[in-house]
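Source file: structure.txt (compact mmCIF, C-alpha atoms)
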```
# COMPACT_ATOMS: atom_id res chain seq x y z
CA MET K 1 -20.79 -25.23 28.99
CA LYS K 2 -20.90 -22.18 31.21
CA ILE K 3 -20.24 -18.70 29.93
CA LEU K 4 -18.23 -16.98 32.66
CA GLU K 5 -17.66 -13.73 30.86
CA ALA K 6 -19.22 -13.03 27.48
CA ASN K 7 -17.03 -10.01 26.91
CA ALA K 8 -13.55 -10.46 28.36
CA GLY K 9 -12.12 -7.70 26.19
CA ALA K 10 -12.34 -6.56 22.60
CA LEU K 11 -9.62 -7.28 20.07
CA THR K 12 -8.65 -5.18 17.10
CA ASN K 13 -8.25 -6.91 13.75
CA TYR K 14 -4.51 -6.45 14.19
CA GLU K 15 -4.46 -8.43 17.42
CA VAL K 16 -6.27 -11.33 15.77
CA VAL K 17 -3.82 -11.31 12.83
CA ASP K 18 -0.94 -11.15 15.26
CA PHE K 19 -2.33 -14.10 17.22
CA LEU K 20 -2.81 -16.19 14.08
CA ARG K 21 0.69 -15.30 12.87
CA SER K 22 2.12 -16.39 16.19
CA LYS K 23 0.39 -19.72 15.62
CA GLY K 24 2.21 -19.99 12.33
CA ALA K 25 -0.22 -18.58 9.78
CA ALA K 26 1.54 -17.14 6.72
CA ASN K 27 0.95 -16.62 3.06
CA ASP K 28 3.52 -19.09 1.77
CA SER K 29 3.57 -22.77 1.00
CA THR K 30 4.36 -23.80 4.58
CA ARG K 31 0.72 -23.30 5.47
CA VAL K 32 -0.05 -26.98 5.22
CA LEU K 33 2.49 -27.67 7.94
CA ALA K 34 1.34 -25.01 10.37
CA GLN K 35 -0.88 -25.75 13.34
CA VAL K 36 -3.63 -23.56 11.95
CA SER K 37 -7.02 -24.92 11.08
CA PRO K 38 -8.70 -24.19 7.72
CA SER K 39 -11.31 -22.01 9.38
CA GLU K 40 -8.60 -19.96 11.04
CA TYR K 41 -6.95 -19.54 7.67
CA LYS K 42 -10.17 -18.14 6.24
CA VAL K 43 -10.13 -15.47 8.93
CA TYR K 44 -6.45 -14.82 8.33
CA ASP K 45 -6.94 -14.53 4.57
CA TYR K 46 -9.68 -11.99 5.13
CA LEU K 47 -7.72 -9.97 7.65
CA VAL K 48 -4.50 -9.68 5.64
CA GLN K 49 -6.52 -7.88 2.97
CA THR K 50 -7.65 -5.28 5.49
CA ALA K 51 -5.78 -2.39 7.07
CA ALA K 52 -4.71 -4.69 9.91
CA CYS K 53 -2.15 -6.32 7.63
CA ASN K 54 0.59 -3.73 8.05
CA GLN K 55 -0.27 -2.40 11.48
CA THR K 56 1.90 -2.90 14.51
CA ARG K 57 1.27 -2.51 18.21
CA GLU K 58 3.20 0.79 18.20
CA HIS K 59 0.96 2.25 15.49
CA ILE K 60 -2.15 1.37 17.43
CA ASN K 61 -0.85 2.60 20.78
CA GLU K 62 0.19 5.87 19.19
CA PHE K 63 -3.21 6.31 17.59
CA VAL K 64 -5.12 5.47 20.77
CA ASP K 65 -3.01 7.97 22.74
CA LYS K 66 -3.43 10.72 20.22
CA CYS K 67 -7.18 10.43 19.81
CA LYS K 68 -7.85 10.49 23.55
CA ILE K 69 -8.42 14.24 23.41
CA TYR K 70 -11.53 13.74 21.28
CA GLY K 71 -13.25 11.61 23.92
CA LEU K 72 -14.39 8.93 21.50
CA ALA K 73 -16.08 5.76 22.67
CA LYS K 74 -13.91 2.64 22.77
CA ALA K 75 -15.99 0.98 20.07
CA GLU K 76 -15.49 3.96 17.79
CA VAL K 77 -11.72 3.96 18.25
CA LEU K 78 -11.70 0.22 17.56
CA ASN K 79 -13.79 0.69 14.46
CA ILE K 80 -11.49 3.46 13.20
CA ILE K 81 -8.42 1.27 13.70
CA ASN K 82 -10.05 -1.64 11.87
CA ILE K 83 -11.42 0.35 8.92
CA ARG K 84 -8.65 3.00 8.75
CA PRO K 85 -10.87 5.71 7.27
CA THR K 86 -8.88 8.48 5.61
CA SER K 87 -11.70 10.63 4.33
CA ILE K 88 -13.93 12.93 6.33
CA ILE K 89 -17.08 11.18 5.19
CA ASP K 90 -15.87 7.83 6.53
CA ILE K 91 -15.16 9.35 9.92
CA TYR K 92 -18.62 10.93 9.85
CA THR K 93 -20.27 7.55 9.54
CA ILE K 94 -18.28 5.92 12.33
CA ILE K 95 -18.82 8.61 14.96
CA GLU K 96 -22.36 8.57 16.21
CA GLU K 97 -24.22 11.82 16.80
CA GLY K 98 -21.06 13.81 16.29
CA GLU K 99 -22.96 17.04 15.80
CA THR K 100 -24.43 17.04 19.28
CA ARG K 101 -21.30 15.65 20.94
CA PHE K 102 -18.91 18.15 19.41
CA GLY K 103 -21.20 21.14 19.62
CA ASP K 104 -22.24 21.91 16.07
CA GLU K 105 -21.70 20.71 12.56
CA THR K 106 -18.69 22.90 11.75
CA ARG K 107 -16.84 21.78 14.90
CA PHE K 108 -17.63 18.15 14.06
CA GLY K 109 -16.34 18.74 10.55
CA GLU K 110 -13.06 20.04 11.97
CA VAL K 111 -12.74 17.11 14.34
CA SER K 112 -13.41 14.67 11.50
CA LYS K 113 -10.78 16.35 9.37
CA GLU K 114 -8.21 16.20 12.17
CA LEU K 115 -9.04 12.56 12.80
CA ALA K 116 -8.74 11.69 9.12
CA GLU K 117 -5.31 13.33 9.02
CA LEU K 118 -4.30 11.58 12.23
CA VAL K 119 -5.33 8.23 10.77
CA GLU K 120 -3.37 8.93 7.61
CA LYS K 121 -0.29 9.84 9.64
CA THR K 122 -0.27 7.16 12.32
CA LEU K 123 -1.78 4.03 10.76
CA PRO K 124 -0.06 2.39 7.77
CA PRO K 125 -2.09 2.07 4.56
CA PRO K 126 -3.65 -1.29 3.65
CA PRO K 127 -2.49 -3.18 0.56
CA THR K 128 -4.88 -1.80 -2.05
CA ASP K 129 -3.67 -1.99 -5.63
CA PRO K 130 -2.49 -5.39 -6.80
CA GLU K 131 1.06 -4.25 -7.54
CA SER K 132 1.88 -2.90 -4.13
CA GLU K 133 0.01 -5.81 -2.59
CA ALA K 134 2.41 -8.24 -4.16
CA GLY K 135 5.32 -6.18 -2.89
CA ILE K 136 3.95 -6.02 0.62
CA ASN K 137 3.19 -9.70 0.70
CA GLU K 138 6.70 -10.55 -0.25
CA GLY K 139 7.97 -8.08 2.27
CA LYS K 140 5.85 -9.74 4.87
CA GLU K 141 7.14 -13.17 4.16
CA GLU K 142 10.57 -11.81 4.66
CA THR K 143 9.46 -10.40 7.96
CA GLU K 144 8.25 -13.79 9.08
CA ASN K 145 11.75 -15.06 8.49
CA GLU K 146 13.27 -12.09 10.16
CA GLU K 147 11.31 -12.71 13.28
CA HIS K 148 13.31 -15.85 13.80
CA ASN K 149 16.74 -14.49 12.97
CA VAL K 150 16.28 -10.78 13.08
CA GLU K 151 19.63 -10.00 14.70
CA THR K 152 21.84 -11.98 12.39
CA LYS K 153 20.18 -11.63 9.06
CA GLY K 154 18.49 -8.29 9.36
CA GLU K 155 20.98 -6.45 7.19
CA GLU K 156 21.16 -9.10 4.54
CA GLN K 157 17.42 -8.98 4.18
CA THR K 158 17.58 -5.26 3.51
CA LYS K 159 20.17 -5.79 0.82
CA GLU K 160 18.05 -8.42 -0.84
CA GLY K 161 15.14 -6.04 -0.59
CA ASN K 162 17.12 -3.36 -2.41
CA ASP K 163 18.02 -5.70 -5.20
CA ASP K 164 14.42 -6.58 -5.69
CA GLY K 165 13.56 -2.90 -5.80
CA LYS K 166 11.28 -3.23 -2.79
CA GLU K 167 13.32 -1.05 -0.57
CA GLU K 168 10.43 0.77 0.96
CA THR K 169 8.37 -2.14 2.18
CA VAL K 170 11.29 -4.10 3.50
CA VAL K 171 12.79 -1.19 5.36
CA GLY K 172 9.37 -0.40 6.76
CA GLN K 173 8.95 -3.94 7.96
CA LEU K 174 12.39 -3.95 9.51
CA MET K 175 11.57 -0.93 11.54
CA ASP K 176 8.40 -2.63 12.67
CA THR K 177 10.12 -5.66 14.00
CA SER K 178 12.95 -3.85 15.72
CA MET W 179 -15.57 -6.98 15.82
CA PHE W 180 -13.54 -9.62 17.63
CA TYR W 181 -13.98 -10.28 21.31
CA LEU W 182 -12.54 -12.59 23.90
CA SER W 183 -15.03 -14.70 25.83
CA ARG W 184 -14.21 -16.62 28.98
CA ILE W 185 -15.92 -20.00 29.14
CA GLU W 186 -15.93 -22.97 31.48
CA HIS W 187 -16.65 -26.36 30.03
CA THR W 188 -16.57 -29.91 31.36
CA PHE W 189 -15.74 -32.59 28.84
CA ARG W 190 -14.24 -36.00 28.30
CA VAL W 191 -10.70 -36.41 26.99
CA PRO W 192 -10.52 -39.76 25.20
CA PRO W 193 -7.71 -42.11 26.25
CA SER W 194 -6.27 -42.08 22.74
CA LEU W 195 -4.84 -38.65 23.63
CA LEU W 196 -3.03 -39.85 26.73
CA ASN W 197 0.32 -39.79 24.94
CA LEU W 198 0.09 -36.00 24.51
CA PRO W 199 0.87 -33.43 27.20
CA ILE W 200 -2.39 -32.54 28.93
CA GLU W 201 -2.53 -28.93 27.65
CA GLU W 202 -2.10 -30.03 24.08
CA ALA W 203 -4.69 -32.78 24.34
CA ILE W 204 -7.20 -30.37 25.85
CA LYS W 205 -6.47 -27.63 23.35
CA GLY W 206 -7.04 -30.08 20.51
CA GLU W 207 -10.33 -31.20 21.98
CA LEU W 208 -11.44 -27.59 22.50
CA GLU W 209 -10.61 -26.77 18.90
CA LYS W 210 -12.61 -29.74 17.75
CA LEU W 211 -15.55 -28.65 19.89
CA PHE W 212 -15.68 -24.92 19.24
CA LEU W 213 -13.72 -23.85 16.18
CA ASP W 214 -15.80 -22.44 13.35
CA LYS W 215 -18.97 -22.87 15.42
CA VAL W 216 -21.47 -20.28 16.49
CA ILE W 217 -22.35 -19.97 20.16
CA ALA W 218 -25.68 -18.22 20.59
CA ASP W 219 -25.22 -14.58 21.76
CA LEU W 220 -21.43 -14.94 21.73
CA GLY W 221 -20.79 -15.14 18.01
CA LEU W 222 -18.63 -17.23 15.75
CA CYS W 223 -15.63 -18.88 17.37
CA VAL W 224 -12.45 -18.04 15.50
CA SER W 225 -9.76 -19.52 17.68
CA VAL W 226 -8.88 -20.81 21.15
CA TYR W 227 -6.95 -17.92 22.69
CA ASP W 228 -5.63 -19.48 25.88
CA ILE W 229 -6.40 -22.00 28.60
CA LYS W 230 -6.76 -20.50 32.06
CA SER W 231 -7.12 -23.59 34.23
CA ILE W 232 -7.54 -27.33 34.00
CA GLU W 233 -9.20 -29.12 36.87
CA GLY W 234 -10.48 -32.58 37.56
CA GLY W 235 -9.37 -35.57 35.57
CA PHE W 236 -11.98 -37.68 37.27
CA ILE W 237 -12.79 -41.05 35.75
CA PHE W 238 -16.47 -41.82 36.12
CA PRO W 239 -17.50 -45.40 36.90
CA SER W 240 -17.84 -47.49 33.75
CA ASP W 241 -16.22 -44.77 31.65
CA GLY W 242 -12.80 -45.25 30.13
CA ALA W 243 -11.78 -41.62 29.96
CA ALA W 244 -10.89 -38.72 32.20
CA THR W 245 -13.29 -35.80 32.51
CA TYR W 246 -11.81 -32.34 32.95
CA THR W 247 -13.27 -28.96 33.82
CA VAL W 248 -11.45 -26.33 31.81
CA VAL W 249 -11.63 -22.55 31.89
CA PHE W 250 -10.45 -20.98 28.65
CA ARG W 251 -10.84 -17.97 26.42
CA LEU W 252 -12.04 -17.99 22.83
CA ILE W 253 -11.67 -15.36 20.14
CA MET W 254 -15.21 -14.68 18.95
CA PHE W 255 -16.34 -12.81 15.87
CA ARG W 256 -19.25 -10.77 17.12
CA PRO W 257 -20.02 -7.50 15.35
CA PHE W 258 -21.68 -4.84 17.47
CA VAL W 259 -24.71 -2.89 16.35
CA GLY W 260 -23.52 0.31 14.71
CA GLU W 261 -20.16 -1.07 13.63
CA ILE W 262 -18.97 -0.33 10.10
CA ILE W 263 -17.60 -3.34 8.21
CA ALA W 264 -16.41 -3.65 4.61
CA ALA W 265 -17.54 -6.75 2.72
CA LYS W 266 -17.84 -8.12 -0.80
CA VAL W 267 -21.06 -8.84 -2.68
CA LYS W 268 -21.98 -12.49 -2.83
CA GLU W 269 -25.51 -12.33 -4.18
CA SER W 270 -27.77 -9.61 -5.45
CA ASN W 271 -31.47 -10.27 -5.94
CA ALA W 272 -34.86 -8.61 -5.53
CA THR W 273 -34.92 -9.03 -1.75
CA GLY W 274 -31.58 -7.26 -1.32
CA LEU W 275 -27.89 -8.02 -1.13
CA ARG W 276 -26.00 -10.84 0.44
CA LEU W 277 -22.44 -9.97 1.47
CA SER W 278 -19.44 -12.01 2.42
CA ILE W 279 -16.29 -11.31 4.44
CA GLY W 280 -14.53 -14.52 3.50
CA PHE W 281 -15.00 -16.52 6.67
CA PHE W 282 -18.58 -15.43 7.26
CA ASP W 283 -21.24 -14.87 4.62
CA ASP W 284 -24.63 -14.62 6.28
CA ILE W 285 -24.75 -10.85 5.95
CA TYR W 286 -27.91 -9.46 4.40
CA ILE W 287 -28.82 -5.95 3.32
CA PRO W 288 -32.61 -6.01 2.92
CA ALA W 289 -34.26 -3.77 0.34
CA HIS W 290 -35.69 -1.35 2.91
CA LEU W 291 -32.21 -0.50 4.23
CA PHE W 292 -30.92 0.74 0.87
CA PRO W 293 -30.48 4.47 0.24
CA LYS W 294 -33.69 5.91 -1.16
CA PRO W 295 -34.70 5.91 -3.97
CA SER W 296 -33.13 2.60 -4.94
CA SER W 297 -34.41 0.24 -7.54
CA PHE W 298 -33.70 -3.30 -8.61
CA LYS W 299 -32.84 -4.06 -12.23
CA PRO W 300 -33.32 -7.76 -12.94
CA ASP W 301 -30.80 -9.42 -15.21
CA PRO W 302 -32.68 -11.16 -18.06
CA ASN W 303 -29.91 -13.73 -18.48
CA LYS W 304 -29.84 -14.92 -14.92
CA LYS W 305 -32.82 -16.14 -13.00
CA ASP W 306 -33.84 -13.79 -10.17
CA LYS W 307 -30.41 -12.12 -10.09
CA GLY W 308 -29.76 -8.51 -10.96
CA THR W 309 -28.19 -5.26 -9.83
CA TRP W 310 -29.30 -2.53 -7.48
CA GLU W 311 -29.18 1.10 -8.40
CA TRP W 312 -29.35 4.17 -6.25
CA GLU W 313 -30.56 7.32 -7.92
CA TYR W 314 -28.99 10.53 -6.70
CA ASP W 315 -29.08 13.90 -8.47
CA GLU W 316 -30.73 12.08 -11.38
CA GLU W 317 -27.63 9.97 -11.79
CA PRO W 318 -27.72 6.23 -11.24
CA TYR W 319 -25.19 4.73 -8.87
CA ILE W 320 -24.85 1.02 -9.50
CA ILE W 321 -23.83 -1.66 -7.03
CA ASP W 322 -21.78 -3.74 -9.42
CA GLY W 323 -20.16 -6.23 -7.09
CA ILE W 324 -16.59 -5.21 -7.88
CA ASP W 325 -16.09 -2.78 -5.03
CA GLU W 326 -16.12 -3.57 -1.40
CA ILE W 327 -19.29 -2.42 0.31
CA LYS W 328 -19.26 -0.67 3.64
CA TYR W 329 -22.29 -1.37 5.74
CA ARG W 330 -23.46 -0.54 9.22
CA VAL W 331 -24.48 -3.46 11.38
CA HIS W 332 -28.19 -3.01 11.97
CA ASN W 333 -28.91 -6.18 13.88
CA VAL W 334 -27.25 -9.49 14.76
CA SER W 335 -29.60 -12.39 15.31
CA TYR W 336 -29.13 -15.98 16.38
CA PRO W 337 -32.10 -17.90 14.99
CA PRO W 338 -33.07 -21.00 16.97
CA ILE W 339 -32.20 -24.34 15.43
CA PRO W 340 -35.23 -25.47 13.41
CA ILE W 341 -36.78 -28.74 14.50
CA GLU W 342 -37.94 -29.64 11.07
CA GLN W 343 -36.67 -28.03 7.92
CA PRO W 344 -38.48 -27.97 4.61
CA LYS W 345 -36.54 -29.84 1.96
CA GLU W 346 -35.74 -26.94 -0.31
CA ALA W 347 -34.94 -24.44 2.43
CA LYS W 348 -31.62 -22.62 2.50
CA PRO W 349 -28.99 -24.19 4.75
CA PHE W 350 -29.56 -23.15 8.35
CA ALA W 351 -27.57 -20.10 9.41
CA PRO W 352 -26.90 -19.90 13.17
CA MET W 353 -25.89 -16.25 13.08
CA VAL W 354 -27.31 -13.65 10.72
CA ILE W 355 -26.12 -10.08 10.38
CA THR W 356 -28.51 -7.50 8.99
CA GLY W 357 -26.77 -4.47 7.59
CA SER W 358 -27.79 -1.05 6.39
CA ILE W 359 -26.25 1.09 3.66
CA ASP W 360 -28.79 3.90 3.94
CA GLU W 361 -26.42 6.63 5.10
CA ASP W 362 -23.75 8.97 3.77
CA GLY W 363 -20.43 7.18 3.42
CA LEU W 364 -21.93 3.70 3.25
CA GLY W 365 -22.38 1.48 0.23
CA PRO W 366 -19.75 0.73 -2.42
CA VAL W 367 -16.45 2.42 -1.58
CA SER W 368 -16.19 4.01 -5.04
CA TRP W 369 -19.41 6.02 -4.60
CA TRP W 370 -17.74 8.18 -1.96
CA VAL W 371 -14.27 8.41 -3.43
CA ASP W 372 -15.82 10.25 -6.36
CA ALA W 373 -17.97 12.36 -4.07
CA GLU W 374 -14.93 13.47 -2.10
CA GLU W 375 -13.03 14.44 -5.25
CA THR W 376 -15.86 16.54 -6.62
CA LYS W 377 -16.19 18.28 -3.29
CA GLU W 378 -12.51 19.17 -3.20
CA SER W 379 -12.22 20.30 -6.76
```

Written as structure tokens, that's how I'd like the structure from this file.
Amino acid sequence: MKILEANAGALTNYEVVDFLRSKGAANDSTRVLAQVSPSEYKVYDYLVQTAACNQTREHINEFVDKCKIYGLAKAEVLNIINIRPTSIIDIYTIIEEGETRFGDETRFGEVSKELAELVEKTLPPPPTDPESEAGINEGKEETENEEHNVETKGEEQTKEGNDDGKEETVVGQLMDTS
Amino acid sequence: MFYLSRIEHTFRVPPSLLNLPIEEAIKGELEKLFLDKVIADLGLCVSVYDIKSIEGGFIFPSDGAATYTVVFRLIMFRPFVGEIIAAKVKESNATGLRLSIGFFDDIYIPAHLFPKPSSFKPDPNKKDKGTWEWEYDEEPYIIDGIDEIKYRVHNVSYPPIPIEQPKEAKPFAPMVITGSIDEDGLGPVSWWVDAEETKES
């Protein structure tokens, strides 16, 4: 074995989830049929509990564009996307030596606050409490279906979503796939 | 957290796979070889991302199989030093905490990387298990194992494979992450949710 390039690019958690989903990983009973190995499922099961679960490529691109002005290191941006910190103190821990980089402590505090707000605005929240988690999971399964027949059945799915009282998640997911 | 690594490897594709298209046969063999394995300094292999090139197919004398040289990319789990990761408590004893992120659970927080002053309270019912407490403003903050714990990656090591292992030793771990929670914002998530609220109010 020869290692040609140890680091051929970093992936966000979202990209790994997306890759596993494209291989057929999902949270329903079809998982035994999919071409996904048990070890890959372990990774998938961990990642769907994180913030990566509801992210899309658009969310991430938007966030990366918007935080360019702060001149953060790539690793820091990646870490922010993966963890999705929404409080100032979480941002503080991720950004190294912020006080010297942004001048002084007050300026760093402002930057952290702006970043926390930006994260809240651009990146979707992870499934936290069990209730909403169930809703999102169901919504997601519907999305998996939609991916195959999004044009024809898109509207029907929304209607079903309304009946189930999960309007928000389903509509959100629809926008994601479109 | 996750990286792509480009690797070249020469290996034998057994003739039992001749009925499959070559890409599929090779992908299957690669998955068998690398999936869920740790490559020293590269990390834990999560998945085969893509195959860049397949060359060769040479059959060596007195060998009944074709040997291919394949260039491919793997998705590796390799945390970088300084990264913040959230994990769940797996074990808590006098030497520190052991955390798990589902697919990987050789994450250790040693006692000297706890916020100071921290102390260990042994549980009389369970042998050498217990809980850790951090004392701040004369109030104890307990690591109870319910919350997720955020830690900073302090070090990632790839211990060499032991030649001889004592009988009662722990199973060999090819990749070990050492984490630190000695910083503001790290440790159980609930510690800082409360802190934020009191600050705002």

What are the residues of chain W that have an atom within 7 Å of an atom of chain K, counting all atoms listed in the file, as a list of chain:residue names?
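For chain W, the answer reads W:Phe180, W:Tyr181, W:Leu182, W:Ser183, W:Arg184, W:Ile185, W:Glu186, W:His187, W:Thr188, W:Asp214, W:Leu220, W:Val224, W:Ser225, W:Glu261, W:Ile262, W:Ile279, W:Gly280, W:Phe281, W:Asp362, W:Gly363.
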
Excluding Ile204 (chain W) and any residue of its chain fewer than 6 positions from it, enumerate the residues within 9 Å of it, using all atoms listed in the file, and give them as a VMD selection string.
chain W and resid 191 195 229 232 246 248

With C-alpha atoms kept, could you save the residues just selected as a CSV table (one decimal), in the coordinates of the input?
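Saved the output as out30.csv:
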```csv
chain,number,residue,atom,x,y,z
W,191,VAL,CA,-10.7,-36.4,27.0
W,195,LEU,CA,-4.8,-38.6,23.6
W,229,ILE,CA,-6.4,-22.0,28.6
W,232,ILE,CA,-7.5,-27.3,34.0
W,246,TYR,CA,-11.8,-32.3,33.0
W,248,VAL,CA,-11.4,-26.3,31.8
```

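What separates CA of Ile217 (chain W) from CA of Lys230 (chain W) is a distance of 19.6 Å.
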
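Counting from CA of Lys305 (chain W), the distance to CA of Ile324 (chain W) is 20.2 Å.
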
State, in Å with one decimal place, the distance from CA of Asp283 (chain W) to CA of Leu222 (chain W).
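Separating CA of Asp283 (chain W) from CA of Leu222 (chain W) is a distance of 11.7 Å.
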
For Tyr329 (chain W), find every residue with an atom within 12 Å (counting only C-alpha atoms), except residues of its own chain fewer than 4 positions away, and show them as a PyMOL selection string.
(chain K and resi 83+90+93-94) or (chain W and resi 257+259-267+275-279+285-288+291-293+333+355-367)

Neighbouring residues of Tyr336 (chain W) were defined as those with any atom within 10 Å, considering only C-alpha atoms; residues of the same chain fewer than 2 positions away were excluded. Please report them as a PyMOL selection string.
chain W and resi 216-221+334+338-339+351-355
